[in-house]
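Below is model13.pdb, holding PDB, N, CA and C atoms and all ligand atoms.
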```
ATOM      1  N   MET A   1      12.813 -80.377-180.156
ATOM      2  CA  MET A   1      11.454 -80.035-180.605
ATOM      3  C   MET A   1      10.808 -79.049-179.648
ATOM      4  N   THR A   2      11.600 -78.463-178.763
ATOM      5  CA  THR A   2      11.016 -77.563-177.770
ATOM      6  C   THR A   2      10.575 -76.247-178.370
ATOM      7  N   MET A   3      11.071 -75.896-179.531
ATOM      8  CA  MET A   3      10.785 -74.575-180.085
ATOM      9  C   MET A   3       9.713 -74.615-181.173
ATOM     10  N   HIS A   4       8.927 -75.683-181.197
ATOM     11  CA  HIS A   4       7.949 -75.804-182.282
ATOM     12  C   HIS A   4       7.008 -74.620-182.373
ATOM     13  N   LYS A   5       6.462 -74.193-181.223
ATOM     14  CA  LYS A   5       5.481 -73.102-181.283
ATOM     15  C   LYS A   5       6.129 -71.847-181.844
ATOM     16  N   PHE A   6       7.316 -71.563-181.354
ATOM     17  CA  PHE A   6       8.038 -70.398-181.854
ATOM     18  C   PHE A   6       8.198 -70.483-183.366
ATOM     19  N   TRP A   7       8.615 -71.653-183.849
ATOM     20  CA  TRP A   7       8.883 -71.787-185.277
ATOM     21  C   TRP A   7       7.607 -71.717-186.099
ATOM     22  N   VAL A   8       6.515 -72.226-185.560
ATOM     23  CA  VAL A   8       5.248 -72.156-186.304
ATOM     24  C   VAL A   8       4.842 -70.701-186.460
ATOM     25  N   VAL A   9       4.972 -69.922-185.384
ATOM     26  CA  VAL A   9       4.641 -68.504-185.444
ATOM     27  C   VAL A   9       5.571 -67.798-186.423
ATOM     28  N   LEU A  10       6.854 -68.098-186.315
ATOM     29  CA  LEU A  10       7.816 -67.462-187.204
ATOM     30  C   LEU A  10       7.531 -67.837-188.657
ATOM     31  N   ALA A  11       7.222 -69.102-188.891
ATOM     32  CA  ALA A  11       6.940 -69.550-190.255
ATOM     33  C   ALA A  11       5.731 -68.807-190.812
ATOM     34  N   ALA A  12       4.726 -68.598-189.983
ATOM     35  CA  ALA A  12       3.535 -67.867-190.439
ATOM     36  C   ALA A  12       3.913 -66.445-190.820
ATOM     37  N   ALA A  13       4.767 -65.824-190.011
ATOM     38  CA  ALA A  13       5.204 -64.465-190.302
ATOM     39  C   ALA A  13       6.012 -64.435-191.594
ATOM     40  N   VAL A  14       6.873 -65.409-191.762
ATOM     41  CA  VAL A  14       7.700 -65.461-192.970
ATOM     42  C   VAL A  14       6.810 -65.682-194.197
ATOM     43  N   LEU A  15       5.820 -66.562-194.058
ATOM     44  CA  LEU A  15       4.886 -66.803-195.167
ATOM     45  C   LEU A  15       4.182 -65.516-195.553
ATOM     46  N   ALA A  16       3.730 -64.768-194.548
ATOM     47  CA  ALA A  16       3.004 -63.531-194.824
ATOM     48  C   ALA A  16       3.922 -62.520-195.509
ATOM     49  N   ALA A  17       5.181 -62.507-195.110
ATOM     50  CA  ALA A  17       6.128 -61.534-195.651
ATOM     51  C   ALA A  17       6.691 -61.983-197.000
ATOM     52  N   GLY A  18       6.663 -63.282-197.259
ATOM     53  CA  GLY A  18       7.376 -63.829-198.401
ATOM     54  C   GLY A  18       6.564 -63.803-199.673
ATOM     55  N   ALA A  19       6.160 -62.597-200.087
ATOM     56  CA  ALA A  19       5.282 -62.489-201.247
ATOM     57  C   ALA A  19       5.934 -63.045-202.509
ATOM     58  N   HIS A  20       7.274 -62.999-202.549
ATOM     59  CA  HIS A  20       7.959 -63.436-203.762
ATOM     60  C   HIS A  20       8.604 -64.800-203.609
ATOM     61  N   ALA A  21       8.210 -65.530-202.563
ATOM     62  CA  ALA A  21       8.828 -66.827-202.303
ATOM     63  C   ALA A  21       8.666 -67.774-203.486
ATOM     64  N   GLU A  22       7.578 -67.602-204.254
ATOM     65  CA  GLU A  22       7.337 -68.520-205.380
ATOM     66  C   GLU A  22       8.338 -68.319-206.514
ATOM     67  N   ASP A  23       9.016 -67.157-206.511
ATOM     68  CA  ASP A  23       9.981 -66.880-207.574
ATOM     69  C   ASP A  23      11.361 -67.468-207.300
ATOM     70  N   LEU A  24      11.565 -67.996-206.123
ATOM     71  CA  LEU A  24      12.898 -68.451-205.730
ATOM     72  C   LEU A  24      13.221 -69.794-206.354
ATOM     73  N   PRO A  25      14.518 -70.076-206.550
ATOM     74  CA  PRO A  25      14.885 -71.441-206.936
ATOM     75  C   PRO A  25      14.314 -72.408-205.899
ATOM     76  N   THR A  26      13.711 -73.471-206.377
ATOM     77  CA  THR A  26      12.977 -74.371-205.487
ATOM     78  C   THR A  26      13.509 -75.793-205.601
ATOM     79  N   PHE A  27      13.679 -76.415-204.470
ATOM     80  CA  PHE A  27      14.132 -77.807-204.402
ATOM     81  C   PHE A  27      13.076 -78.591-203.640
ATOM     82  N   ARG A  28      12.747 -79.768-204.134
ATOM     83  CA  ARG A  28      11.664 -80.532-203.518
ATOM     84  C   ARG A  28      12.224 -81.708-202.712
ATOM     85  N   VAL A  29      11.715 -81.845-201.518
ATOM     86  CA  VAL A  29      12.102 -82.945-200.630
ATOM     87  C   VAL A  29      10.822 -83.679-200.236
ATOM     88  N   THR A  30      10.869 -85.003-200.313
ATOM     89  CA  THR A  30       9.719 -85.818-199.920
ATOM     90  C   THR A  30      10.098 -86.674-198.716
ATOM     91  N   ILE A  31       9.219 -86.672-197.737
ATOM     92  CA  ILE A  31       9.393 -87.510-196.554
ATOM     93  C   ILE A  31       8.252 -88.522-196.545
ATOM     94  N   LYS A  32       8.615 -89.786-196.320
ATOM     95  CA  LYS A  32       7.578 -90.818-196.320
ATOM     96  C   LYS A  32       7.866 -91.847-195.240
ATOM     97  N   ASP A  33       7.218 -91.695-194.090
ATOM     98  CA  ASP A  33       7.286 -92.680-193.006
ATOM     99  C   ASP A  33       8.718 -93.127-192.706
ATOM    100  N   GLY A  34       9.593 -92.172-192.502
ATOM    101  CA  GLY A  34      10.963 -92.510-192.121
ATOM    102  C   GLY A  34      11.939 -92.627-193.271
ATOM    103  N   ALA A  35      11.504 -92.301-194.483
ATOM    104  CA  ALA A  35      12.425 -92.210-195.623
ATOM    105  C   ALA A  35      12.396 -90.765-196.109
ATOM    106  N   ILE A  36      13.544 -90.268-196.528
ATOM    107  CA  ILE A  36      13.599 -88.891-197.028
ATOM    108  C   ILE A  36      14.308 -88.916-198.364
ATOM    109  N   SER A  37      13.810 -88.151-199.329
ATOM    110  CA  SER A  37      14.499 -88.092-200.607
ATOM    111  C   SER A  37      14.337 -86.708-201.224
ATOM    112  N   PRO A  38      15.300 -86.167-201.921
ATOM    113  CA  PRO A  38      16.596 -86.815-202.112
ATOM    114  C   PRO A  38      17.421 -86.768-200.824
ATOM    115  N   THR A  39      18.474 -87.538-200.769
ATOM    116  CA  THR A  39      19.350 -87.491-199.609
ATOM    117  C   THR A  39      20.500 -86.510-199.831
ATOM    118  N   ARG A  40      20.548 -85.915-201.036
ATOM    119  CA  ARG A  40      21.583 -84.926-201.317
ATOM    120  C   ARG A  40      21.126 -84.060-202.480
ATOM    121  N   PHE A  41      21.254 -82.746-202.332
ATOM    122  CA  PHE A  41      21.038 -81.874-203.480
ATOM    123  C   PHE A  41      21.896 -80.626-203.328
ATOM    124  N   GLU A  42      22.095 -79.934-204.443
ATOM    125  CA  GLU A  42      22.935 -78.739-204.453
ATOM    126  C   GLU A  42      22.070 -77.496-204.559
ATOM    127  N   ALA A  43      22.471 -76.448-203.849
ATOM    128  CA  ALA A  43      21.759 -75.176-203.887
ATOM    129  C   ALA A  43      22.785 -74.054-203.995
ATOM    130  N   PRO A  44      22.336 -72.882-204.483
ATOM    131  CA  PRO A  44      23.274 -71.779-204.699
ATOM    132  C   PRO A  44      23.673 -71.095-203.398
ATOM    133  N   ALA A  45      24.943 -70.786-203.276
ATOM    134  CA  ALA A  45      25.437 -70.025-202.121
ATOM    135  C   ALA A  45      25.088 -68.552-202.288
ATOM    136  N   GLY A  46      24.837 -67.878-201.203
ATOM    137  CA  GLY A  46      24.660 -66.430-201.198
ATOM    138  C   GLY A  46      23.348 -65.958-201.785
ATOM    139  N   LYS A  47      22.391 -66.876-201.984
ATOM    140  CA  LYS A  47      21.082 -66.501-202.514
ATOM    141  C   LYS A  47      20.009 -67.163-201.675
ATOM    142  N   ARG A  48      18.838 -66.574-201.674
ATOM    143  CA  ARG A  48      17.706 -67.249-201.035
ATOM    144  C   ARG A  48      17.241 -68.379-201.930
ATOM    145  N   PHE A  49      16.819 -69.456-201.324
ATOM    146  CA  PHE A  49      16.171 -70.523-202.084
ATOM    147  C   PHE A  49      15.104 -71.163-201.222
ATOM    148  N   LYS A  50      14.258 -71.926-201.886
ATOM    149  CA  LYS A  50      13.095 -72.502-201.222
ATOM    150  C   LYS A  50      13.227 -74.014-201.216
ATOM    151  N   ILE A  51      12.893 -74.624-200.106
ATOM    152  CA  ILE A  51      12.788 -76.083-200.043
ATOM    153  C   ILE A  51      11.313 -76.408-199.835
ATOM    154  N   GLU A  52      10.729 -77.053-200.842
ATOM    155  CA  GLU A  52       9.326 -77.453-200.754
ATOM    156  C   GLU A  52       9.287 -78.887-200.241
ATOM    157  N   ILE A  53       8.567 -79.110-199.168
ATOM    158  CA  ILE A  53       8.587 -80.399-198.491
ATOM    159  C   ILE A  53       7.203 -81.028-198.541
ATOM    160  N   THR A  54       7.147 -82.283-198.968
ATOM    161  CA  THR A  54       5.893 -83.030-198.976
ATOM    162  C   THR A  54       6.012 -84.206-198.025
ATOM    163  N   ASN A  55       5.030 -84.362-197.170
ATOM    164  CA  ASN A  55       4.950 -85.582-196.363
ATOM    165  C   ASN A  55       4.028 -86.549-197.092
ATOM    166  N   ALA A  56       4.640 -87.506-197.784
ATOM    167  CA  ALA A  56       3.878 -88.489-198.559
ATOM    168  C   ALA A  56       3.552 -89.726-197.734
ATOM    169  N   GLY A  57       3.844 -89.690-196.462
ATOM    170  CA  GLY A  57       3.642 -90.866-195.613
ATOM    171  C   GLY A  57       2.306 -90.842-194.880
ATOM    172  N   LYS A  58       2.118 -91.829-194.018
ATOM    173  CA  LYS A  58       0.893 -91.951-193.228
ATOM    174  C   LYS A  58       1.087 -91.455-191.801
ATOM    175  N   SER A  59       2.328 -91.087-191.461
ATOM    176  CA  SER A  59       2.611 -90.585-190.117
ATOM    177  C   SER A  59       3.134 -89.156-190.223
ATOM    178  N   PRO A  60       3.041 -88.393-189.123
ATOM    179  CA  PRO A  60       3.560 -87.027-189.154
ATOM    180  C   PRO A  60       5.057 -87.010-189.426
ATOM    181  N   ALA A  61       5.520 -85.928-189.994
ATOM    182  CA  ALA A  61       6.939 -85.756-190.285
ATOM    183  C   ALA A  61       7.342 -84.353-189.851
ATOM    184  N   GLU A  62       8.622 -84.198-189.615
ATOM    185  CA  GLU A  62       9.124 -82.871-189.319
ATOM    186  C   GLU A  62      10.445 -82.665-190.039
ATOM    187  N   PHE A  63      10.403 -81.825-191.046
ATOM    188  CA  PHE A  63      11.644 -81.438-191.722
ATOM    189  C   PHE A  63      12.410 -80.531-190.772
ATOM    190  N   GLU A  64      13.652 -80.870-190.504
ATOM    191  CA  GLU A  64      14.441 -80.056-189.590
ATOM    192  C   GLU A  64      15.878 -79.975-190.068
ATOM    193  N   SER A  65      16.455 -78.787-189.948
ATOM    194  CA  SER A  65      17.894 -78.613-190.142
ATOM    195  C   SER A  65      18.394 -77.680-189.063
ATOM    196  N   ILE A  66      19.174 -78.197-188.180
ATOM    197  CA  ILE A  66      19.713 -77.372-187.098
ATOM    198  C   ILE A  66      20.646 -76.322-187.689
ATOM    199  N   GLN A  67      21.468 -76.735-188.651
ATOM    200  CA  GLN A  67      22.450 -75.813-189.241
ATOM    201  C   GLN A  67      21.772 -74.693-190.022
ATOM    202  N   LEU A  68      20.680 -75.026-190.702
ATOM    203  CA  LEU A  68      19.958 -74.001-191.459
ATOM    204  C   LEU A  68      18.927 -73.273-190.595
ATOM    205  N   ARG A  69      18.744 -73.744-189.372
ATOM    206  CA  ARG A  69      17.764 -73.169-188.431
ATOM    207  C   ARG A  69      16.359 -73.189-189.033
ATOM    208  N   LYS A  70      16.009 -74.347-189.588
ATOM    209  CA  LYS A  70      14.676 -74.520-190.144
ATOM    210  C   LYS A  70      14.024 -75.742-189.503
ATOM    211  N   GLU A  71      12.717 -75.626-189.306
ATOM    212  CA  GLU A  71      11.951 -76.695-188.692
ATOM    213  C   GLU A  71      10.518 -76.555-189.177
ATOM    214  N   LYS A  72       9.959 -77.660-189.673
ATOM    215  CA  LYS A  72       8.600 -77.571-190.225
ATOM    216  C   LYS A  72       7.891 -78.902-189.993
ATOM    217  N   VAL A  73       6.815 -78.854-189.228
ATOM    218  CA  VAL A  73       6.031 -80.059-188.952
ATOM    219  C   VAL A  73       4.968 -80.216-190.031
ATOM    220  N   LEU A  74       4.816 -81.424-190.545
ATOM    221  CA  LEU A  74       3.881 -81.694-191.636
ATOM    222  C   LEU A  74       3.029 -82.910-191.302
ATOM    223  N   GLY A  75       1.725 -82.748-191.310
ATOM    224  CA  GLY A  75       0.836 -83.884-191.181
ATOM    225  C   GLY A  75       0.893 -84.745-192.439
ATOM    226  N   PRO A  76       0.351 -85.963-192.371
ATOM    227  CA  PRO A  76       0.332 -86.827-193.559
ATOM    228  C   PRO A  76      -0.351 -86.126-194.732
ATOM    229  N   GLY A  77       0.267 -86.195-195.901
ATOM    230  CA  GLY A  77      -0.318 -85.619-197.107
ATOM    231  C   GLY A  77      -0.086 -84.127-197.288
ATOM    232  N   VAL A  78       0.588 -83.497-196.352
ATOM    233  CA  VAL A  78       0.744 -82.041-196.394
ATOM    234  C   VAL A  78       2.021 -81.648-197.154
ATOM    235  N   THR A  79       1.916 -80.571-197.937
ATOM    236  CA  THR A  79       3.083 -79.974-198.586
ATOM    237  C   THR A  79       3.230 -78.546-198.076
ATOM    238  N   SER A  80       4.445 -78.160-197.722
ATOM    239  CA  SER A  80       4.730 -76.799-197.297
ATOM    240  C   SER A  80       6.158 -76.465-197.709
ATOM    241  N   PHE A  81       6.666 -75.341-197.260
ATOM    242  CA  PHE A  81       8.028 -74.992-197.664
ATOM    243  C   PHE A  81       8.725 -74.156-196.603
ATOM    244  N   VAL A  82      10.029 -74.113-196.713
ATOM    245  CA  VAL A  82      10.837 -73.179-195.937
ATOM    246  C   VAL A  82      11.680 -72.384-196.926
ATOM    247  N   VAL A  83      11.970 -71.153-196.571
ATOM    248  CA  VAL A  83      12.877 -70.334-197.373
ATOM    249  C   VAL A  83      14.196 -70.215-196.622
ATOM    250  N   VAL A  84      15.265 -70.557-197.326
ATOM    251  CA  VAL A  84      16.599 -70.477-196.745
ATOM    252  C   VAL A  84      17.236 -69.190-197.251
ATOM    253  N   ASN A  85      17.729 -68.395-196.327
ATOM    254  CA  ASN A  85      18.365 -67.136-196.710
ATOM    255  C   ASN A  85      19.811 -67.359-197.104
ATOM    256  N   ALA A  86      20.372 -66.373-197.754
ATOM    257  CA  ALA A  86      21.751 -66.417-198.239
ATOM    258  C   ALA A  86      22.640 -67.213-197.291
ATOM    259  N   THR A  87      23.181 -68.276-197.800
ATOM    260  CA  THR A  87      23.894 -69.240-196.983
ATOM    261  C   THR A  87      25.306 -69.395-197.524
ATOM    262  N   SER A  88      26.253 -69.539-196.630
ATOM    263  CA  SER A  88      27.650 -69.738-197.009
ATOM    264  C   SER A  88      27.840 -71.120-197.608
ATOM    265  N   PRO A  89      28.840 -71.256-198.495
ATOM    266  CA  PRO A  89      29.135 -72.583-199.030
ATOM    267  C   PRO A  89      29.386 -73.579-197.896
ATOM    268  N   GLY A  90      28.934 -74.794-198.126
ATOM    269  CA  GLY A  90      29.143 -75.821-197.107
ATOM    270  C   GLY A  90      28.106 -76.912-197.243
ATOM    271  N   GLU A  91      28.130 -77.859-196.319
ATOM    272  CA  GLU A  91      27.174 -78.959-196.308
ATOM    273  C   GLU A  91      26.283 -78.814-195.083
ATOM    274  N   TYR A  92      24.992 -78.881-195.320
ATOM    275  CA  TYR A  92      24.003 -78.653-194.274
ATOM    276  C   TYR A  92      23.100 -79.877-194.195
ATOM    277  N   VAL A  93      23.051 -80.469-193.029
ATOM    278  CA  VAL A  93      22.265 -81.695-192.841
ATOM    279  C   VAL A  93      20.810 -81.346-192.542
ATOM    280  N   TYR A  94      19.900 -82.116-193.134
ATOM    281  CA  TYR A  94      18.488 -82.037-192.748
ATOM    282  C   TYR A  94      17.995 -83.427-192.414
ATOM    283  N   PHE A  95      16.921 -83.511-191.662
ATOM    284  CA  PHE A  95      16.418 -84.828-191.248
ATOM    285  C   PHE A  95      14.947 -84.695-190.868
ATOM    286  N   ASP A  96      14.320 -85.848-190.730
ATOM    287  CA  ASP A  96      12.943 -85.909-190.223
ATOM    288  C   ASP A  96      13.048 -86.110-188.718
ATOM    289  N   ASP A  97      12.670 -85.101-187.953
ATOM    290  CA  ASP A  97      12.861 -85.177-186.501
ATOM    291  C   ASP A  97      12.013 -86.279-185.870
ATOM    292  N   PHE A  98      10.986 -86.727-186.552
ATOM    293  CA  PHE A  98      10.183 -87.838-186.033
ATOM    294  C   PHE A  98      10.779 -89.191-186.399
ATOM    295  N   HIS A  99      11.672 -89.201-187.370
ATOM    296  CA  HIS A  99      12.366 -90.432-187.788
ATOM    297  C   HIS A  99      13.809 -90.023-188.083
ATOM    298  N   PRO A 100      14.592 -89.755-187.024
ATOM    299  CA  PRO A 100      15.902 -89.085-187.228
ATOM    300  C   PRO A 100      16.904 -89.873-188.061
ATOM    301  N   GLN A 101      16.636 -91.136-188.316
ATOM    302  CA  GLN A 101      17.545 -91.887-189.200
ATOM    303  C   GLN A 101      17.394 -91.425-190.653
ATOM    304  N   ALA A 102      16.294 -90.746-190.962
ATOM    305  CA  ALA A 102      16.071 -90.251-192.323
ATOM    306  C   ALA A 102      16.755 -88.900-192.451
ATOM    307  N   ARG A 103      17.903 -88.879-193.104
ATOM    308  CA  ARG A 103      18.711 -87.659-193.183
ATOM    309  C   ARG A 103      19.164 -87.405-194.598
ATOM    310  N   GLY A 104      19.424 -86.146-194.880
ATOM    311  CA  GLY A 104      19.988 -85.763-196.161
ATOM    312  C   GLY A 104      20.906 -84.567-195.972
ATOM    313  N   THR A 105      21.533 -84.166-197.062
ATOM    314  CA  THR A 105      22.499 -83.073-197.013
ATOM    315  C   THR A 105      22.244 -82.101-198.162
ATOM    316  N   VAL A 106      22.150 -80.813-197.850
ATOM    317  CA  VAL A 106      22.143 -79.771-198.879
ATOM    318  C   VAL A 106      23.580 -79.318-199.057
ATOM    319  N   VAL A 107      24.059 -79.420-200.290
ATOM    320  CA  VAL A 107      25.399 -78.935-200.593
ATOM    321  C   VAL A 107      25.247 -77.531-201.170
ATOM    322  N   VAL A 108      25.676 -76.522-200.426
ATOM    323  CA  VAL A 108      25.566 -75.129-200.870
ATOM    324  C   VAL A 108      26.900 -74.728-201.472
ATOM    325  N   LYS A 109      26.833 -74.293-202.727
ATOM    326  CA  LYS A 109      28.078 -73.908-203.405
ATOM    327  C   LYS A 109      27.821 -72.890-204.489
TER     328      LYS A 109
HETATM  329 CU    CU B 201      12.082 -80.595-183.787
END
```
I'd like the structure from this file rewritten - as structure tokens, please.
Amino acid sequence: MTMHKFWVVLAAAVLAAGAHAEDLPTFRVTIKDGAISPTRFEAPAGKRFKIEITNAGKSPAEFESIQLRKEKVLGPGVTSFVVVNATSPGEYVYFDDFHPQARGTVVVK
């Protein structure tokens, strides 16, 4: 979690640049006090896609994927998103960094 400030700044820049982010294929992930769902979903390889994340819990959450190089802190009740750039086929783990037992896998194919 040492790079949070960097990622927040980067996310703001990406948001400002991502005028067409709403047009991307979108997958929704919900985090709720140490539970994450879905725990598995499929996304297209070689294309940008969006992961929309909602923290439906009462405690802070952090969507994180080391493999996808994405990190997003969400207060309770907050919805935000990350855009994943063209990604090679494979399985990419994501988790709630505040409740690391809550994990899922994006299957890119
Ligand atoms: Cu972190």
If you apply the PyMOL selection byres (((chain A and resi 58 and name CA) around 12) and not hetatm and name CA) to this file, what residues do you get, as a ChimeraX atom specification? /A:31-35,54-57,59-61,74-78
Could you write out that same residue set with N, CA and C atoms as a PDB file, in the frame of the given file?
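In the end it all went to again-v3.pdb:
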```pdb
ATOM      1  N   ILE A  31       9.219 -86.672-197.737  1.00  0.00           N
ATOM      2  CA  ILE A  31       9.393 -87.510-196.554  1.00  0.00           C
ATOM      3  C   ILE A  31       8.252 -88.522-196.545  1.00  0.00           C
ATOM      4  N   LYS A  32       8.615 -89.786-196.320  1.00  0.00           N
ATOM      5  CA  LYS A  32       7.578 -90.818-196.320  1.00  0.00           C
ATOM      6  C   LYS A  32       7.866 -91.847-195.240  1.00  0.00           C
ATOM      7  N   ASP A  33       7.218 -91.695-194.090  1.00  0.00           N
ATOM      8  CA  ASP A  33       7.286 -92.680-193.006  1.00  0.00           C
ATOM      9  C   ASP A  33       8.718 -93.127-192.706  1.00  0.00           C
ATOM     10  N   GLY A  34       9.593 -92.172-192.502  1.00  0.00           N
ATOM     11  CA  GLY A  34      10.963 -92.510-192.121  1.00  0.00           C
ATOM     12  C   GLY A  34      11.939 -92.627-193.271  1.00  0.00           C
ATOM     13  N   ALA A  35      11.504 -92.301-194.483  1.00  0.00           N
ATOM     14  CA  ALA A  35      12.425 -92.210-195.623  1.00  0.00           C
ATOM     15  C   ALA A  35      12.396 -90.765-196.109  1.00  0.00           C
ATOM     16  N   THR A  54       7.147 -82.283-198.968  1.00  0.00           N
ATOM     17  CA  THR A  54       5.893 -83.030-198.976  1.00  0.00           C
ATOM     18  C   THR A  54       6.012 -84.206-198.025  1.00  0.00           C
ATOM     19  N   ASN A  55       5.030 -84.362-197.170  1.00  0.00           N
ATOM     20  CA  ASN A  55       4.950 -85.582-196.363  1.00  0.00           C
ATOM     21  C   ASN A  55       4.028 -86.549-197.092  1.00  0.00           C
ATOM     22  N   ALA A  56       4.640 -87.506-197.784  1.00  0.00           N
ATOM     23  CA  ALA A  56       3.878 -88.489-198.559  1.00  0.00           C
ATOM     24  C   ALA A  56       3.552 -89.726-197.734  1.00  0.00           C
ATOM     25  N   GLY A  57       3.844 -89.690-196.462  1.00  0.00           N
ATOM     26  CA  GLY A  57       3.642 -90.866-195.613  1.00  0.00           C
ATOM     27  C   GLY A  57       2.306 -90.842-194.880  1.00  0.00           C
ATOM     28  N   SER A  59       2.328 -91.087-191.461  1.00  0.00           N
ATOM     29  CA  SER A  59       2.611 -90.585-190.117  1.00  0.00           C
ATOM     30  C   SER A  59       3.134 -89.156-190.223  1.00  0.00           C
ATOM     31  N   PRO A  60       3.041 -88.393-189.123  1.00  0.00           N
ATOM     32  CA  PRO A  60       3.560 -87.027-189.154  1.00  0.00           C
ATOM     33  C   PRO A  60       5.057 -87.010-189.426  1.00  0.00           C
ATOM     34  N   ALA A  61       5.520 -85.928-189.994  1.00  0.00           N
ATOM     35  CA  ALA A  61       6.939 -85.756-190.285  1.00  0.00           C
ATOM     36  C   ALA A  61       7.342 -84.353-189.851  1.00  0.00           C
ATOM     37  N   LEU A  74       4.816 -81.424-190.545  1.00  0.00           N
ATOM     38  CA  LEU A  74       3.881 -81.694-191.636  1.00  0.00           C
ATOM     39  C   LEU A  74       3.029 -82.910-191.302  1.00  0.00           C
ATOM     40  N   GLY A  75       1.725 -82.748-191.310  1.00  0.00           N
ATOM     41  CA  GLY A  75       0.836 -83.884-191.181  1.00  0.00           C
ATOM     42  C   GLY A  75       0.893 -84.745-192.439  1.00  0.00           C
ATOM     43  N   PRO A  76       0.351 -85.963-192.371  1.00  0.00           N
ATOM     44  CA  PRO A  76       0.332 -86.827-193.559  1.00  0.00           C
ATOM     45  C   PRO A  76      -0.351 -86.126-194.732  1.00  0.00           C
ATOM     46  N   GLY A  77       0.267 -86.195-195.901  1.00  0.00           N
ATOM     47  CA  GLY A  77      -0.318 -85.619-197.107  1.00  0.00           C
ATOM     48  C   GLY A  77      -0.086 -84.127-197.288  1.00  0.00           C
ATOM     49  N   VAL A  78       0.588 -83.497-196.352  1.00  0.00           N
ATOM     50  CA  VAL A  78       0.744 -82.041-196.394  1.00  0.00           C
ATOM     51  C   VAL A  78       2.021 -81.648-197.154  1.00  0.00           C
TER      52      VAL A  78
END
```
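Near A:Phe49, within a cut-off of 8 Å and counting all atoms listed in the file, sit the residues Ala21, Asp23, Leu24, Pro25, Thr26, Phe27, Ala43, Pro44, Val82, Val83, Val84, Asn85, Ala86 and Thr87 of chain A, with same-chain residues fewer than 4 positions away left out.
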Among the residues A:Ala102, A:Val93, A:Val108, A:Val73, the one that comes closest to ligand CU 201 (chain B) [using all atoms listed in the file]: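 Smallest distance to ligand CU 201 (chain B) is found for A:Val73.
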To one decimal place, how far is atom N of A:Asp96 from atom CA of A:Gly46 in Å?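 Result for atom N of A:Asp96 versus atom CA of A:Gly46: 24.4 Å, one decimal.
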Enclose all atoms of stretch 31-37 of chain A listed in the file in an axis-aligned box, grow every side by 3 Å, and hand back centre and edge lengths in Å to one decimal, as JSON.
```
{"center_x": 10.9, "center_y": -89.9, "center_z": -196.7, "size_x": 13.3, "size_y": 12.5, "size_z": 15.1}
```
Pick from A:Lys70, A:Arg40, A:Arg28, A:Lys50, whichever lies nearest to ligand CU 201 (chain B) using only N, CA and C atoms and all ligand atoms: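 Among the listed residues, A:Lys70 lies closest to ligand CU 201 (chain B).
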What is the atom CA of A:Asp97-atom CU of ligand CU 201 (chain B) distance in Å, reported with one decimal? 5.4 Å
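For A:Tyr92, the set of protein, DNA and RNA residues having any atom at most 9 Å away, when counting only C-alpha atoms and skipping those fewer than 2 positions along the same chain, is Ser65, Ile66, Gln67, Leu68, Gly90, Tyr94, Gly104, Thr105, Val106, Val107 and Val108 of chain A.
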If I take atom N of A:Glu91 and atom C of A:Arg103, how far is one from the other in Å, to one decimal?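 These two atoms are separated by 13.2 Å.
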As a CSV table (one decimal) with N, CA and C atoms, in the frame of the given file, please: every residue in stretch 8-96 of chain A that a backbone DSSP assignment puts in helix (DSSP H, G or I).
```csv
chain,number,residue,atom,x,y,z
A,8,VAL,N,6.5,-72.2,-185.6
A,8,VAL,CA,5.2,-72.2,-186.3
A,8,VAL,C,4.8,-70.7,-186.5
A,9,VAL,N,5.0,-69.9,-185.4
A,9,VAL,CA,4.6,-68.5,-185.4
A,9,VAL,C,5.6,-67.8,-186.4
A,10,LEU,N,6.9,-68.1,-186.3
A,10,LEU,CA,7.8,-67.5,-187.2
A,10,LEU,C,7.5,-67.8,-188.7
A,11,ALA,N,7.2,-69.1,-188.9
A,11,ALA,CA,6.9,-69.6,-190.3
A,11,ALA,C,5.7,-68.8,-190.8
A,12,ALA,N,4.7,-68.6,-190.0
A,12,ALA,CA,3.5,-67.9,-190.4
A,12,ALA,C,3.9,-66.4,-190.8
A,13,ALA,N,4.8,-65.8,-190.0
A,13,ALA,CA,5.2,-64.5,-190.3
A,13,ALA,C,6.0,-64.4,-191.6
A,14,VAL,N,6.9,-65.4,-191.8
A,14,VAL,CA,7.7,-65.5,-193.0
A,14,VAL,C,6.8,-65.7,-194.2
A,15,LEU,N,5.8,-66.6,-194.1
A,15,LEU,CA,4.9,-66.8,-195.2
A,15,LEU,C,4.2,-65.5,-195.6
A,16,ALA,N,3.7,-64.8,-194.5
A,16,ALA,CA,3.0,-63.5,-194.8
A,16,ALA,C,3.9,-62.5,-195.5
A,17,ALA,N,5.2,-62.5,-195.1
A,17,ALA,CA,6.1,-61.5,-195.7
A,17,ALA,C,6.7,-62.0,-197.0
A,21,ALA,N,8.2,-65.5,-202.6
A,21,ALA,CA,8.8,-66.8,-202.3
A,21,ALA,C,8.7,-67.8,-203.5
A,22,GLU,N,7.6,-67.6,-204.3
A,22,GLU,CA,7.3,-68.5,-205.4
A,22,GLU,C,8.3,-68.3,-206.5
A,23,ASP,N,9.0,-67.2,-206.5
A,23,ASP,CA,10.0,-66.9,-207.6
A,23,ASP,C,11.4,-67.5,-207.3
```
Selected residue, from A:Lys109, A:Lys47, A:Gln101, A:Phe63, that lies nearest to ligand CU 201 (chain B) when counting only N, CA and C atoms and all ligand atoms: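 Of A:Lys109, A:Lys47, A:Gln101, A:Phe63, the one nearest ligand CU 201 (chain B) is A:Phe63, counting only N, CA and C atoms and all ligand atoms.
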Which residue of A:Ile53, A:Arg48, A:Glu71, A:His99 approaches ligand CU 201 (chain B) most closely, using only C-alpha atoms and all ligand atoms: A:Glu71
